[in-house]
Amino acid sequence: MRVLLKWLLSLGVGLLPGPRGTYASLLVAGLAAAWLAAGGGPLVGWPYLVLLLLVCGLTLLAGRAALNRQIFGPSPDPGQIVLDEAAGMLAALYGLNGLGWPILAALVLFRLLDILKPFPVGRLQRLPGAWGVLADDLAAGLLALAGWRLLAYLLS
């Protein structure tokens, strides 16, 4: 069970040395780009929202179990847990309907907001347990979504 929780929460890339959150964000952006390149359709609607909710639910449930068992050590937000970054990146990519600069803008904005933690991102990270692990990344993802959508509007 410990090994399954480790791999689920880390997506494999969270176990690597280096910027784990960036690795997870790149993984999600790459999968989204591959989906769009293969003609998979825009990242909108109920199926996409259900995917986001599933990732959030898994982050909360598995994150709580991992934190309670201290699978990654005593940290309240271990760096190896990157499923929360995947959820945030999924939120940032909502509405994407093709390849191009918006996917890169979403990625860069999300990583900047997740690292710098402006209000309310930093405050949400202080929530207890798995809620804090997830909430800051969702907020960063939603702010990144607003940012790239605003940029797209201004450039059109």
# chains A, B, ... in the order shown; residues from 1 in each chain; ligands from 1
$ closest_atom_pairs --of "region 48-79 of chain A" --to "region 84-107 of chain A" --cutoff "8 Å" --atoms "only C-alpha atoms" --output "JSON lines"
{"residue": "A:Tyr48", "atom": "CA", "partner": "A:Tyr94", "partner_atom": "CA", "distance": 7.9}
{"residue": "A:Leu52", "atom": "CA", "partner": "A:Ala87", "partner_atom": "CA", "distance": 6.2}
{"residue": "A:Val55", "atom": "CA", "partner": "A:Ala87", "partner_atom": "CA", "distance": 5.9}
{"residue": "A:Cys56", "atom": "CA", "partner": "A:Ala87", "partner_atom": "CA", "distance": 6.1}
{"residue": "A:Thr59", "atom": "CA", "partner": "A:Asp84", "partner_atom": "CA", "distance": 6.1}
$ closest_residue --among "A:Leu9, A:Leu151, A:Ala135, A:Ala140" --to "Leu116 (chain A)" --atoms "only C-alpha atoms"
A:Ala140
$ residues_around --residues "Val13 (chain A)" --least-positions-apart "6" --cutoff "8 Å" --atoms "only C-alpha atoms" --output "list of chain:residue names"
A:Arg20, A:Tyr23, A:Ala24, A:Val82
$ atom_distance --atom1 "CA of Arg149 (chain A)" --atom2 "CA of Gly18 (chain A)"
29.7 Å
$ closest_residue --among "A:Ala62, A:Leu67, A:Leu145, A:Val50" --to "Leu83 (chain A)" --atoms "only C-alpha atoms"
A:Ala62
$ select_by_dssp --residues "region 72-135 of chain A" --states "alpha helix (DSSP H)" --output "VMD selection string"
chain A and resid 83 to 92 101 to 116 121 to 124 129 to 135
$ closest_residue --among "A:Leu49, A:Ala144, A:Ala38, A:Ile71" --to "Phe110 (chain A)" --atoms "only C-alpha atoms"
A:Ala144
$ atom_distance --atom1 "CA of Gly57 (chain A)" --atom2 "CA of Leu11 (chain A)"
15.1 Å
$ residues_around --residues "Pro128 (chain A)" --least-positions-apart "5" --cutoff "10 Å" --atoms "only C-alpha atoms" --output "list in words"
Pro76, Asp77 and Val133 of chain A
$ atom_distance --atom1 "CA of Ala139 (chain A)" --atom2 "CA of Ala37 (chain A)"
27.5 Å
$ closest_residue --among "A:Tyr153, A:Ile115, A:Ala130, A:Pro47" --to "Pro19 (chain A)" --atoms "only C-alpha atoms"
A:Ile115
